[in-house]
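Structure file upload-v6.csv (CSV, C-alpha atoms and all ligand atoms) follows.
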```csv
chain,number,residue,atom,x,y,z
A,1,MET,CA,0.0,0.0,0.0
A,2,LEU,CA,1.3,3.4,-0.9
A,3,ARG,CA,0.9,6.3,1.4
A,4,SER,CA,1.9,9.9,0.6
A,5,ILE,CA,2.7,12.7,2.8
A,6,VAL,CA,3.2,16.3,1.7
A,7,SER,CA,5.2,18.6,3.9
A,8,ILE,CA,6.1,21.9,2.3
A,9,SER,CA,6.8,24.2,5.3
A,10,GLN,CA,9.5,22.9,7.6
A,11,THR,CA,9.5,25.7,10.1
A,12,ALA,CA,8.2,23.3,12.7
A,13,ASN,CA,11.1,20.9,12.2
A,14,LYS,CA,13.6,23.8,12.3
A,15,ILE,CA,14.9,23.6,8.7
A,16,VAL,CA,14.4,27.1,7.4
A,17,PRO,CA,16.0,28.1,4.1
A,18,SER,CA,17.1,31.5,3.4
A,19,THR,CA,15.6,33.2,0.3
A,20,GLU,CA,18.8,35.4,-0.1
A,21,THR,CA,20.7,33.1,-2.4
A,22,ALA,CA,23.4,35.7,-3.3
A,23,LEU,CA,25.0,35.6,0.1
A,24,PRO,CA,27.8,33.0,0.9
A,25,ASP,CA,26.2,29.8,2.2
A,26,LEU,CA,27.7,28.7,5.5
A,27,ALA,CA,26.4,25.2,5.0
A,28,ASP,CA,28.9,24.8,2.1
A,29,LEU,CA,31.9,24.9,4.4
A,30,ASP,CA,33.5,22.4,6.7
A,31,ARG,CA,34.3,23.6,10.2
A,32,PRO,CA,37.9,24.8,9.6
A,33,ALA,CA,36.8,26.8,6.6
A,34,LEU,CA,33.9,28.2,8.6
A,35,GLU,CA,36.2,29.3,11.4
A,36,GLN,CA,38.5,30.9,8.8
A,37,LEU,CA,35.6,32.8,7.2
A,38,PHE,CA,34.4,34.1,10.6
A,39,GLU,CA,37.8,35.2,11.5
A,40,SER,CA,38.2,37.0,8.2
A,41,VAL,CA,35.1,39.2,8.9
A,42,GLY,CA,36.1,39.9,12.5
A,43,LEU,CA,33.9,37.2,14.2
A,44,PRO,CA,35.6,35.0,16.8
A,45,ARG,CA,36.4,31.4,15.8
A,46,PHE,CA,34.3,29.9,18.6
A,47,ARG,CA,31.2,31.5,17.1
A,48,ALA,CA,31.8,29.4,14.0
A,49,ARG,CA,31.9,26.3,16.1
A,50,GLN,CA,28.7,27.3,17.8
A,51,VAL,CA,27.0,27.9,14.4
A,52,PHE,CA,28.3,24.5,13.1
A,53,ARG,CA,26.9,22.7,16.1
A,54,TRP,CA,23.5,24.4,15.7
A,55,ILE,CA,23.3,23.4,12.0
A,56,TYR,CA,24.4,19.8,12.3
A,57,ARG,CA,23.8,18.8,15.9
A,58,MET,CA,20.6,20.6,16.5
A,59,GLY,CA,19.3,20.8,12.9
A,60,GLU,CA,18.7,24.5,13.2
A,61,THR,CA,19.4,26.7,10.2
A,62,ASP,CA,17.5,29.9,11.4
A,63,VAL,CA,20.2,32.1,12.9
A,64,SER,CA,17.6,34.0,15.0
A,65,ARG,CA,17.0,30.8,16.9
A,66,MET,CA,20.7,30.2,17.7
A,67,THR,CA,20.1,31.5,21.2
A,68,ASN,CA,23.7,31.4,22.5
A,69,LEU,CA,25.0,33.7,19.8
A,70,GLY,CA,23.5,37.0,21.1
A,71,ALA,CA,21.5,39.5,19.1
A,72,LYS,CA,24.5,41.4,17.8
A,73,VAL,CA,26.3,38.3,16.4
A,74,GLN,CA,23.0,36.9,15.0
A,75,ALA,CA,22.4,40.2,13.1
A,76,GLU,CA,26.0,40.3,11.8
A,77,ILE,CA,25.8,36.7,10.5
A,78,SER,CA,22.4,37.2,8.9
A,79,ARG,CA,23.6,40.4,7.2
A,80,ARG,CA,26.6,38.6,5.7
A,81,PHE,CA,25.7,35.0,5.1
A,82,ARG,CA,22.9,32.6,4.6
A,83,ILE,CA,22.4,28.9,5.6
A,84,GLY,CA,20.9,26.9,2.8
A,85,SER,CA,18.9,23.7,3.1
A,86,PRO,CA,16.8,21.6,0.8
A,87,ILE,CA,13.0,21.8,1.5
A,88,LEU,CA,11.0,18.7,1.8
A,89,GLU,CA,8.2,18.9,-0.8
A,90,HIS,CA,6.8,15.4,-0.9
A,91,GLN,CA,7.3,12.0,0.6
A,92,ASP,CA,6.2,8.5,-0.4
A,93,ARG,CA,6.2,5.5,1.8
A,94,SER,CA,6.5,2.0,0.6
A,95,ALA,CA,4.7,-0.9,2.2
A,96,ASP,CA,8.2,-2.3,3.1
A,97,GLY,CA,9.1,0.9,5.1
A,98,THR,CA,11.3,2.5,2.4
A,99,ARG,CA,10.6,6.2,2.1
A,100,LYS,CA,11.4,8.4,-0.9
A,101,PHE,CA,11.8,12.1,-0.4
A,102,LEU,CA,11.4,14.8,-3.0
A,103,LEU,CA,13.4,17.8,-2.0
A,104,ARG,CA,13.4,21.3,-3.5
A,105,LEU,CA,16.6,23.3,-3.7
A,106,ALA,CA,16.8,27.1,-3.4
A,107,ASP,CA,16.7,27.7,-7.1
A,108,GLY,CA,13.6,25.4,-7.6
A,109,ARG,CA,15.4,22.4,-8.9
A,110,ARG,CA,14.4,19.1,-7.4
A,111,ILE,CA,16.3,16.0,-6.2
A,112,GLU,CA,15.4,12.7,-4.5
A,113,ALA,CA,16.8,10.9,-1.5
A,114,VAL,CA,15.7,7.6,0.0
A,115,TYR,CA,15.5,6.1,3.5
A,116,ILE,CA,15.9,2.3,3.6
A,117,PRO,CA,15.2,0.9,7.0
A,118,ASP,CA,16.6,-2.2,8.7
A,119,THR,CA,19.2,-3.4,6.1
A,120,PRO,CA,20.1,-4.3,8.9
A,121,LYS,CA,21.2,-0.7,9.7
A,122,GLN,CA,19.2,2.4,8.8
A,123,THR,CA,20.5,3.8,5.5
A,124,PHE,CA,20.1,7.1,3.7
A,125,CYS,CA,20.7,7.1,0.0
A,126,ILE,CA,21.5,10.6,-1.2
A,127,SER,CA,22.2,12.3,-4.5
A,128,SER,CA,25.3,14.2,-5.6
A,129,GLN,CA,24.0,15.8,-8.8
A,130,VAL,CA,20.8,16.8,-10.5
A,131,GLY,CA,20.6,14.3,-13.4
A,132,CYS,CA,23.8,12.5,-14.5
A,133,ALA,CA,26.3,12.8,-17.3
A,134,MET,CA,27.3,9.2,-17.4
A,135,ASP,CA,24.3,8.0,-19.5
A,136,CYS,CA,24.3,4.3,-18.4
A,137,ASP,CA,22.0,2.5,-20.6
A,138,PHE,CA,19.8,0.8,-18.0
A,139,CYS,CA,19.4,3.9,-15.8
A,140,LEU,CA,16.5,6.4,-15.7
A,141,THR,CA,18.6,9.1,-14.1
A,142,GLY,CA,21.1,8.7,-17.0
A,143,LYS,CA,18.2,9.3,-19.4
A,144,MET,CA,17.6,12.7,-17.7
A,145,GLY,CA,21.0,14.0,-18.8
A,146,PHE,CA,23.1,16.2,-16.6
A,147,THR,CA,21.7,19.4,-15.1
A,148,CYS,CA,24.2,20.5,-12.4
A,149,HIS,CA,26.4,19.5,-9.5
A,150,LEU,CA,25.0,19.7,-6.0
A,151,THR,CA,26.7,21.9,-3.4
A,152,PRO,CA,27.9,20.6,-0.1
A,153,ALA,CA,25.0,22.4,1.5
A,154,GLU,CA,22.6,20.5,-0.8
A,155,ILE,CA,24.4,17.1,-0.3
A,156,VAL,CA,24.6,17.2,3.5
A,157,GLY,CA,21.3,19.0,3.6
A,158,GLN,CA,19.6,15.8,2.3
A,159,VAL,CA,21.1,13.9,5.3
A,160,ARG,CA,19.8,16.6,7.8
A,161,VAL,CA,16.3,16.5,6.3
A,162,LEU,CA,16.1,12.7,6.3
A,163,ALA,CA,17.6,12.4,9.8
A,164,HIS,CA,14.9,14.8,11.1
A,165,GLU,CA,12.1,13.2,9.2
A,166,THR,CA,13.0,9.7,10.3
A,167,GLY,CA,13.7,10.6,13.9
A,168,LEU,CA,17.3,9.3,13.5
A,169,HIS,CA,19.1,12.5,14.2
A,170,ASP,CA,20.8,11.1,17.2
A,171,ALA,CA,21.0,7.5,16.0
A,172,ALA,CA,23.7,5.7,14.0
A,173,PHE,CA,22.9,5.4,10.3
A,174,ASN,CA,24.7,4.6,7.1
A,175,ILE,CA,24.9,6.8,4.1
A,176,VAL,CA,25.3,5.7,0.5
A,177,LEU,CA,26.1,8.1,-2.3
A,178,MET,CA,24.2,6.1,-4.8
A,179,GLY,CA,21.3,8.4,-5.7
A,180,MET,CA,21.2,10.6,-8.7
A,181,GLY,CA,24.6,11.5,-10.1
A,182,GLU,CA,28.2,10.2,-10.3
A,183,PRO,CA,29.8,11.4,-7.0
A,184,LEU,CA,33.3,11.4,-8.4
A,185,HIS,CA,32.2,13.8,-11.2
A,186,ASN,CA,31.4,16.3,-8.4
A,187,TYR,CA,34.6,15.5,-6.4
A,188,ASP,CA,35.3,18.6,-4.4
A,189,ALA,CA,31.7,19.1,-3.2
A,190,VAL,CA,31.5,15.4,-2.2
A,191,MET,CA,34.7,15.4,-0.3
A,192,THR,CA,33.7,18.6,1.6
A,193,SER,CA,30.4,16.9,2.4
A,194,LEU,CA,32.2,13.9,3.8
A,195,ARG,CA,34.3,16.1,6.1
A,196,ILE,CA,31.2,17.9,7.3
A,197,LEU,CA,29.4,14.7,7.9
A,198,ALA,CA,32.4,13.2,9.8
A,199,ASP,CA,32.9,16.2,12.1
A,200,GLU,CA,32.5,15.2,15.8
A,201,GLU,CA,31.0,18.6,16.5
A,202,GLY,CA,28.1,17.8,14.1
A,203,LEU,CA,26.5,14.7,12.7
A,204,ALA,CA,29.6,12.6,13.5
A,205,VAL,CA,29.1,10.1,10.7
A,206,PRO,CA,32.4,8.3,10.3
A,207,PRO,CA,33.7,7.4,6.8
A,208,ARG,CA,33.2,3.7,7.6
A,209,ARG,CA,29.5,4.4,7.6
A,210,VAL,CA,29.6,6.0,4.2
A,211,THR,CA,29.7,4.2,0.9
A,212,LEU,CA,30.6,6.1,-2.3
A,213,SER,CA,29.5,4.4,-5.5
A,214,THR,CA,31.2,5.2,-8.8
A,215,VAL,CA,31.0,3.9,-12.4
A,216,GLY,CA,34.7,4.1,-12.6
A,217,VAL,CA,36.1,7.6,-13.1
A,218,VAL,CA,39.6,6.3,-12.9
A,219,PRO,CA,41.6,9.6,-12.2
A,220,ALA,CA,39.2,10.6,-9.5
A,221,MET,CA,39.4,7.1,-7.9
A,222,GLU,CA,43.2,7.5,-7.9
A,223,LYS,CA,42.8,10.9,-6.2
A,224,LEU,CA,40.3,9.4,-3.7
A,225,ALA,CA,42.9,6.7,-2.9
A,226,ARG,CA,45.2,9.5,-1.5
A,227,GLU,CA,42.5,11.1,0.8
A,228,ALA,CA,42.9,11.0,4.5
A,229,LEU,CA,39.2,10.6,4.9
A,230,MET,CA,38.2,7.4,3.1
A,231,PRO,CA,34.6,6.2,2.6
A,232,ASN,CA,33.8,2.6,1.5
A,233,LEU,CA,34.1,2.2,-2.2
A,234,ALA,CA,31.5,0.6,-4.5
A,235,VAL,CA,32.1,0.2,-8.2
A,236,SER,CA,29.2,-0.1,-10.6
A,237,LEU,CA,30.7,-2.8,-12.9
A,238,HIS,CA,27.7,-4.4,-14.7
A,239,ALA,CA,29.8,-6.1,-17.4
A,240,THR,CA,32.8,-8.3,-18.0
A,241,THR,CA,34.0,-7.3,-21.4
A,242,ASP,CA,34.8,-3.9,-22.8
A,243,GLU,CA,32.4,-4.5,-25.7
A,244,GLN,CA,29.5,-5.1,-23.2
A,245,ARG,CA,30.5,-2.3,-20.8
A,246,ASP,CA,31.1,0.3,-23.6
A,247,ARG,CA,27.4,-0.1,-24.3
A,248,LEU,CA,26.0,-0.4,-20.8
A,249,VAL,CA,28.3,2.1,-19.0
A,250,PRO,CA,29.7,4.5,-21.7
A,251,ILE,CA,32.5,5.9,-19.4
A,252,ASN,CA,34.1,2.6,-20.1
A,253,ARG,CA,35.1,3.9,-23.5
A,254,LYS,CA,37.4,6.4,-21.7
A,255,TYR,CA,38.5,4.2,-18.8
A,256,PRO,CA,38.2,0.6,-19.9
A,257,LEU,CA,38.0,-2.5,-17.7
A,258,GLU,CA,41.8,-3.1,-17.5
A,259,ALA,CA,42.4,0.4,-16.1
A,260,LEU,CA,39.4,0.2,-13.8
A,261,ILE,CA,40.3,-3.1,-12.3
A,262,ASP,CA,44.0,-2.1,-12.0
A,263,THR,CA,42.9,1.0,-10.0
A,264,CYS,CA,40.7,-1.2,-7.8
A,265,ARG,CA,43.6,-3.6,-7.2
A,266,LYS,CA,45.8,-0.7,-6.0
A,267,PHE,CA,43.0,1.0,-4.0
A,268,PRO,CA,44.0,1.2,-0.2
A,269,VAL,CA,41.2,-1.0,1.2
A,270,LYS,CA,41.3,-1.4,5.0
A,271,ARG,CA,42.4,-4.8,6.3
A,272,ARG,CA,38.9,-6.3,6.8
A,273,ASN,CA,37.1,-4.4,4.1
A,274,ARG,CA,36.5,-5.1,0.4
A,275,ILE,CA,35.4,-3.1,-2.6
A,276,THR,CA,31.8,-3.8,-3.5
A,277,PHE,CA,31.2,-4.4,-7.1
A,278,GLU,CA,27.6,-3.8,-8.2
A,279,TYR,CA,26.4,-5.9,-11.1
A,280,VAL,CA,22.9,-5.2,-12.4
A,281,LEU,CA,21.6,-8.4,-14.0
A,282,LEU,CA,19.9,-7.8,-17.4
A,283,ALA,CA,18.0,-10.8,-18.9
A,284,GLY,CA,19.9,-12.3,-21.8
A,285,VAL,CA,22.5,-9.5,-21.8
A,286,ASN,CA,25.0,-10.1,-19.0
A,287,ASP,CA,23.5,-12.9,-16.9
A,288,THR,CA,24.9,-16.1,-18.5
A,289,PRO,CA,27.2,-18.7,-16.9
A,290,ALA,CA,30.0,-17.4,-19.2
A,291,ASP,CA,29.4,-13.9,-17.8
A,292,ALA,CA,29.7,-15.2,-14.3
A,293,ARG,CA,32.9,-17.1,-15.0
A,294,ARG,CA,34.4,-14.0,-16.6
A,295,LEU,CA,33.4,-12.0,-13.5
A,296,VAL,CA,35.3,-14.5,-11.3
A,297,ARG,CA,38.4,-14.1,-13.5
A,298,LEU,CA,38.2,-10.3,-13.6
A,299,LEU,CA,38.0,-9.9,-9.8
A,300,GLY,CA,40.3,-12.8,-9.1
A,301,ASP,CA,43.0,-10.8,-7.3
A,302,VAL,CA,40.9,-7.9,-6.1
A,303,LYS,CA,39.6,-7.6,-2.5
A,304,ALA,CA,36.1,-7.8,-3.8
A,305,LYS,CA,32.5,-8.6,-2.9
A,306,VAL,CA,29.8,-8.6,-5.5
A,307,ASN,CA,26.3,-7.3,-5.1
A,308,LEU,CA,23.9,-8.6,-7.7
A,309,LEU,CA,21.0,-6.4,-8.6
A,310,PRO,CA,18.4,-8.0,-10.7
A,311,LEU,CA,17.1,-5.1,-12.9
A,312,ASN,CA,14.1,-3.1,-11.7
A,313,ALA,CA,12.5,-2.8,-15.1
A,314,ALA,CA,11.0,0.7,-15.9
A,315,PRO,CA,9.4,2.3,-18.9
A,316,GLY,CA,12.1,3.7,-21.3
A,317,ILE,CA,14.7,1.1,-20.2
A,318,PRO,CA,15.3,-1.4,-23.0
A,319,TYR,CA,16.1,-4.4,-20.7
A,320,GLU,CA,14.3,-7.0,-18.7
A,321,ARG,CA,14.7,-8.5,-15.3
A,322,PRO,CA,16.1,-12.1,-15.3
A,323,ASP,CA,14.0,-14.8,-13.7
A,324,GLU,CA,15.0,-16.1,-10.2
A,325,ALA,CA,16.6,-19.3,-11.4
A,326,THR,CA,19.0,-17.3,-13.6
A,327,VAL,CA,19.9,-15.0,-10.7
A,328,ASP,CA,20.4,-18.0,-8.4
A,329,ARG,CA,22.6,-19.8,-10.9
A,330,PHE,CA,24.7,-16.6,-11.5
A,331,ALA,CA,25.2,-16.1,-7.7
A,332,GLN,CA,26.1,-19.8,-7.2
A,333,THR,CA,28.7,-19.7,-9.9
A,334,LEU,CA,30.4,-16.7,-8.2
A,335,ALA,CA,30.1,-18.3,-4.7
A,336,LYS,CA,31.5,-21.7,-6.0
A,337,HIS,CA,34.6,-19.9,-7.2
A,338,GLY,CA,35.1,-18.2,-3.8
A,339,LEU,CA,33.7,-14.8,-4.5
A,340,ARG,CA,31.6,-13.2,-1.8
A,341,VAL,CA,28.2,-12.5,-3.3
A,342,SER,CA,24.9,-11.1,-2.2
A,343,VAL,CA,21.7,-10.6,-4.1
A,344,ARG,CA,19.9,-7.4,-3.4
A,345,LYS,CA,16.3,-7.6,-2.5
A,346,SER,CA,14.4,-4.9,-4.2
A,347,ARG,CA,12.7,-2.5,-1.8
A,348,GLY,CA,10.6,0.5,-2.4
A,349,ARG,CA,9.5,-0.7,-5.9
A,350,ASP,CA,5.9,0.3,-5.3
A,351,ILE,CA,7.0,3.9,-4.9
A,352,ARG,CA,9.7,3.7,-7.7
A,353,ALA,CA,12.4,4.1,-5.1
A,354,ALA,CA,14.2,0.9,-6.3
A,355,CYS,CA,17.5,0.8,-8.1
A,356,GLY,CA,17.4,2.4,-11.5
A,357,GLN,CA,14.1,4.1,-11.0
A,358,LEU,CA,14.9,7.6,-9.8
A,359,ILE,CA,14.2,10.4,-12.2
A,360,VAL,CA,12.9,13.9,-11.7
A,361,GLU,CA,10.3,14.7,-14.3
A,362,GLY,CA,9.4,18.4,-14.5
A,363,LYS,CA,8.0,19.3,-11.1
A,364,LYS,CA,7.6,15.8,-9.9
A,365,THR,CA,9.9,13.0,-9.3
A,366,ALA,CA,9.3,9.5,-10.5
A,367,ALA,CA,12.2,8.0,-8.7
A,368,GLY,CA,15.7,7.2,-10.1
A,369,PRO,CA,18.1,4.5,-10.9
A,370,ARG,CA,21.1,3.8,-8.8
A,371,LEU,CA,19.5,5.6,-5.9
A,372,ALA,CA,16.5,3.6,-6.2
A,373,ALA,CA,18.5,0.5,-6.7
A,374,LEU,CA,20.4,1.2,-3.6
A,375,MET,CA,17.4,1.9,-1.7
A,376,ALA,CA,16.0,-1.2,-2.8
A,377,ALA,CA,19.2,-2.8,-1.9
A,378,ASN,CA,19.7,-5.2,0.9
A,379,HIS,CA,22.7,-3.6,2.5
A,380,GLU,CA,25.1,-5.6,4.6
B,1,LIG,S1,23.8,4.4,-13.0
B,1,LIG,FE1,24.7,6.1,-11.8
B,1,LIG,S2,26.4,6.9,-13.0
B,1,LIG,FE2,25.1,5.6,-14.4
B,1,LIG,S3,23.7,7.2,-15.4
B,1,LIG,FE3,22.7,6.3,-13.6
B,1,LIG,S4,23.1,7.7,-11.9
B,1,LIG,FE4,24.6,8.1,-13.5
```
Could you take the file, read its structure, and then write that structure out as structure tokens?
Amino acid sequence: MLRSIVSISQTANKIVPSTETALPDLADLDRPALEQLFESVGLPRFRARQVFRWIYRMGETDVSRMTNLGAKVQAEISRRFRIGSPILEHQDRSADGTRKFLLRLADGRRIEAVYIPDTPKQTFCISSQVGCAMDCDFCLTGKMGFTCHLTPAEIVGQVRVLAHETGLHDAAFNIVLMGMGEPLHNYDAVMTSLRILADEEGLAVPPRRVTLSTVGVVPAMEKLAREALMPNLAVSLHATTDEQRDRLVPINRKYPLEALIDTCRKFPVKRRNRITFEYVLLAGVNDTPADARRLVRLLGDVKAKVNLLPLNAAPGIPYERPDEATVDRFAQTLAKHGLRVSVRKSRGRDIRAACGQLIVEGKKTAAGPRLAALMAANHE
């Protein structure tokens, strides 16, 4: 059964966007940058820490309610800056507990984020772009094309809104960057977002609770490998030959399988961790026993685990979902050869929040691809 909730005003839940979009957005900055900015305009650094705590620990973006700042400092901050936040416009609930959120940004653009309960942890799947430039052949978001990158305020803002709406603000939750967009195509904003999320003065979500999913932007993966703050890595593989992958995941024409797998091999994975390889199963395309055996060979010397995602078919996507026997046979072939494998249960399909079903259409969202897929996913 599908239930819909509409919530346009968020004053009651303390998320108040500024209409003055020309001012610098404090929510785009990690705490050291915020402290530096305050200092540069003559405000003490400790005021920056107070503001940071209000935004991320208390969920308050209205400066006039930041009671420990004092009227003079409140007025000075409001005159110079704004604090941006996505506005919740619409929410759908799946019978399985998955919730899909349509969020409006300051300029009127819309994005989607998904909450997936009990997987076994609570998981927020968030977007990094409006649309996507990668044009994967089985993905509705890809069909939208690329509109723009999200800012850190818009990326972290999704987490703040979802944490508030789900009552999980003070609980432990996981975050997957698997919604709309290719996170590594928006590298700097995503890394700033990870630093903001991890900050102990704020939401305190450690990198081990964050999974970044990429289709394989190799130079950005190499850069990520050198970062101090390292999320878990998921690679959307989906094919075992360049010929197949060129068609399904066009970025492969630029960074073919050999370069991608070599980068994965060298990626600094923590001792007990593995890179997750996502593999969407498309009936009659990449789901044969020969595909499974090639996948085993391809990942042979990589610290890998494989998540199989039977396609969530959608209008406009020219592929079908394989039957259960085919999915089982594929999974068993991988397991028999020693690969760790899981098959994602599709969740949120009744609200089009399942993998591959997210897409923003005009003023409404119909739900997108990888976001949906993730949402639908059965996270470990
Ligand atoms: S699968 Fe991911 S990277 Fe590919 S088009 Fe869709 S959103 Fe973009």
Show me a table, sorted first by chain and then by increasing residue number, of the residues of segment 316-347 of chain A having an atom at most 12 Å from segment 234-255 of chain A, each with its shortest atom pair and the distance in Å to one decimal, counting only C-alpha atoms and written as CSV.
```
residue,atom,partner,partner_atom,distance
A:Ile317,CA,A:Leu248,CA,11.4
A:Pro318,CA,A:Leu248,CA,11.0
A:Tyr319,CA,A:Leu248,CA,10.7
```
**Message:** Calculated over all atoms listed in the file, which of the candidates A:Leu339, A:Val176, A:Leu105, A:Ile155 has the smallest distance to Leu212 of chain A?
**Reply:** A:Val176
**Request:** Using only C-alpha atoms and all ligand atoms, find each protein or nucleic acid residue lying at most 8 Å from ligand LIG 1 (chain B); present the set as number ranges by chain.
**Result:** A: 131-143, 178-182, 214-215, 236, 249, 356, 368-371
Grab the residues selected above and save them as a tab-separated table (two decimals), in the frame of the given file with C-alpha atoms.
```
chain	number	residue	atom	x	y	z
A	131	GLY	CA	20.60	14.30	-13.40
A	132	CYS	CA	23.80	12.50	-14.50
A	133	ALA	CA	26.30	12.80	-17.30
A	134	MET	CA	27.30	9.20	-17.40
A	135	ASP	CA	24.30	8.00	-19.50
A	136	CYS	CA	24.30	4.30	-18.40
A	137	ASP	CA	22.00	2.50	-20.60
A	138	PHE	CA	19.80	0.80	-18.00
A	139	CYS	CA	19.40	3.90	-15.80
A	140	LEU	CA	16.50	6.40	-15.70
A	141	THR	CA	18.60	9.10	-14.10
A	142	GLY	CA	21.10	8.70	-17.00
A	143	LYS	CA	18.20	9.30	-19.40
A	178	MET	CA	24.20	6.10	-4.80
A	179	GLY	CA	21.30	8.40	-5.70
A	180	MET	CA	21.20	10.60	-8.70
A	181	GLY	CA	24.60	11.50	-10.10
A	182	GLU	CA	28.20	10.20	-10.30
A	214	THR	CA	31.20	5.20	-8.80
A	215	VAL	CA	31.00	3.90	-12.40
A	236	SER	CA	29.20	-0.10	-10.60
A	249	VAL	CA	28.30	2.10	-19.00
A	356	GLY	CA	17.40	2.40	-11.50
A	368	GLY	CA	15.70	7.20	-10.10
A	369	PRO	CA	18.10	4.50	-10.90
A	370	ARG	CA	21.10	3.80	-8.80
A	371	LEU	CA	19.50	5.60	-5.90
```
**Item:** Selected residue of minimal separation from Glu89 of chain A among A:Val156, A:Leu26, A:Val161, A:Gln122, counting all atoms listed in the file
**Value:**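 Once distances to Glu89 of chain A are computed over all atoms listed in the file, the minimum belongs to A:Val161.
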**Message:** Which residues are close to segment 58-61 of chain A, i.e. within 12 Å by only C-alpha atoms, leaving aside same-chain residues fewer than 3 positions away? Reply as a ChimeraX atom specification.
**Reply:** /A:10-18,25-27,50-55,64-67,74,77-78,81-87,153,156-165,167-170,201-203
**Request:** Using all atoms listed in the file, find the one residue out of A:Thr276, A:Asn186, A:Thr333, A:Thr326 that sits nearest to Lys305 of chain A.
**Result:**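 Of A:Thr276, A:Asn186, A:Thr333, A:Thr326, the one nearest Lys305 of chain A, counting all atoms listed in the file, is A:Thr276.
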**Straight-line distance linking atom CA of Phe101 of chain A with atom CA of Val130 of chain A, stated in Å to one decimal** =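 These atoms are spaced 14.3 Å apart.
Taking atom CA of Gln129 of chain A as the reference point, atom CA of Cys148 of chain A is found at 5.9 Å.
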**Request:** Take the point (10.7, 5.2, 3.0) as written in the file and pick out every residue within 9 Å of it, counting all atoms listed in the file; give the list as a VMD selection string.
**Result:** chain A and resid 91 to 101 114 to 117 166 348 351 353 375
Write a file of the just-selected residues containing C-alpha atoms, as an mmCIF file, in the frame of the given file.
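Ended up saving to result-v9.cif:
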```cif
data_model
loop_
_atom_site.group_PDB
_atom_site.id
_atom_site.type_symbol
_atom_site.label_atom_id
_atom_site.label_comp_id
_atom_site.auth_asym_id
_atom_site.auth_seq_id
_atom_site.Cartn_x
_atom_site.Cartn_y
_atom_site.Cartn_z
ATOM 1 C CA GLN A 91 7.300 12.000 0.600
ATOM 2 C CA ASP A 92 6.200 8.500 -0.400
ATOM 3 C CA ARG A 93 6.200 5.500 1.800
ATOM 4 C CA SER A 94 6.500 2.000 0.600
ATOM 5 C CA ALA A 95 4.700 -0.900 2.200
ATOM 6 C CA ASP A 96 8.200 -2.300 3.100
ATOM 7 C CA GLY A 97 9.100 0.900 5.100
ATOM 8 C CA THR A 98 11.300 2.500 2.400
ATOM 9 C CA ARG A 99 10.600 6.200 2.100
ATOM 10 C CA LYS A 100 11.400 8.400 -0.900
ATOM 11 C CA PHE A 101 11.800 12.100 -0.400
ATOM 12 C CA VAL A 114 15.700 7.600 0.000
ATOM 13 C CA TYR A 115 15.500 6.100 3.500
ATOM 14 C CA ILE A 116 15.900 2.300 3.600
ATOM 15 C CA PRO A 117 15.200 0.900 7.000
ATOM 16 C CA THR A 166 13.000 9.700 10.300
ATOM 17 C CA GLY A 348 10.600 0.500 -2.400
ATOM 18 C CA ILE A 351 7.000 3.900 -4.900
ATOM 19 C CA ALA A 353 12.400 4.100 -5.100
ATOM 20 C CA MET A 375 17.400 1.900 -1.700
#
```
**Asked** In Å, with one decimal, what is the gap from atom CA of Arg294 of chain A to atom CA of Asn273 of chain A?
**Response** 23.0 Å
**Asked** Using only C-alpha atoms, which residue out of A:Ala225, A:Ala71, A:Cys125, A:Ala198 lies closest to Cys264 of chain A?
**Response**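 Smallest separation from Cys264 of chain A among the options: A:Ala225.
When all atoms listed in the file are used to compute distances to Arg31 of chain A, the closest of the residues A:His90, A:Leu197, A:Arg80, A:Leu177 turns out to be A:Leu197.
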**Prompt:** For Val343 of chain A, which residue out of A:Ala48, A:Leu309, A:Ala304, A:Ile275 is the nearest one, using all atoms listed in the file?
**Reply:** A:Leu309
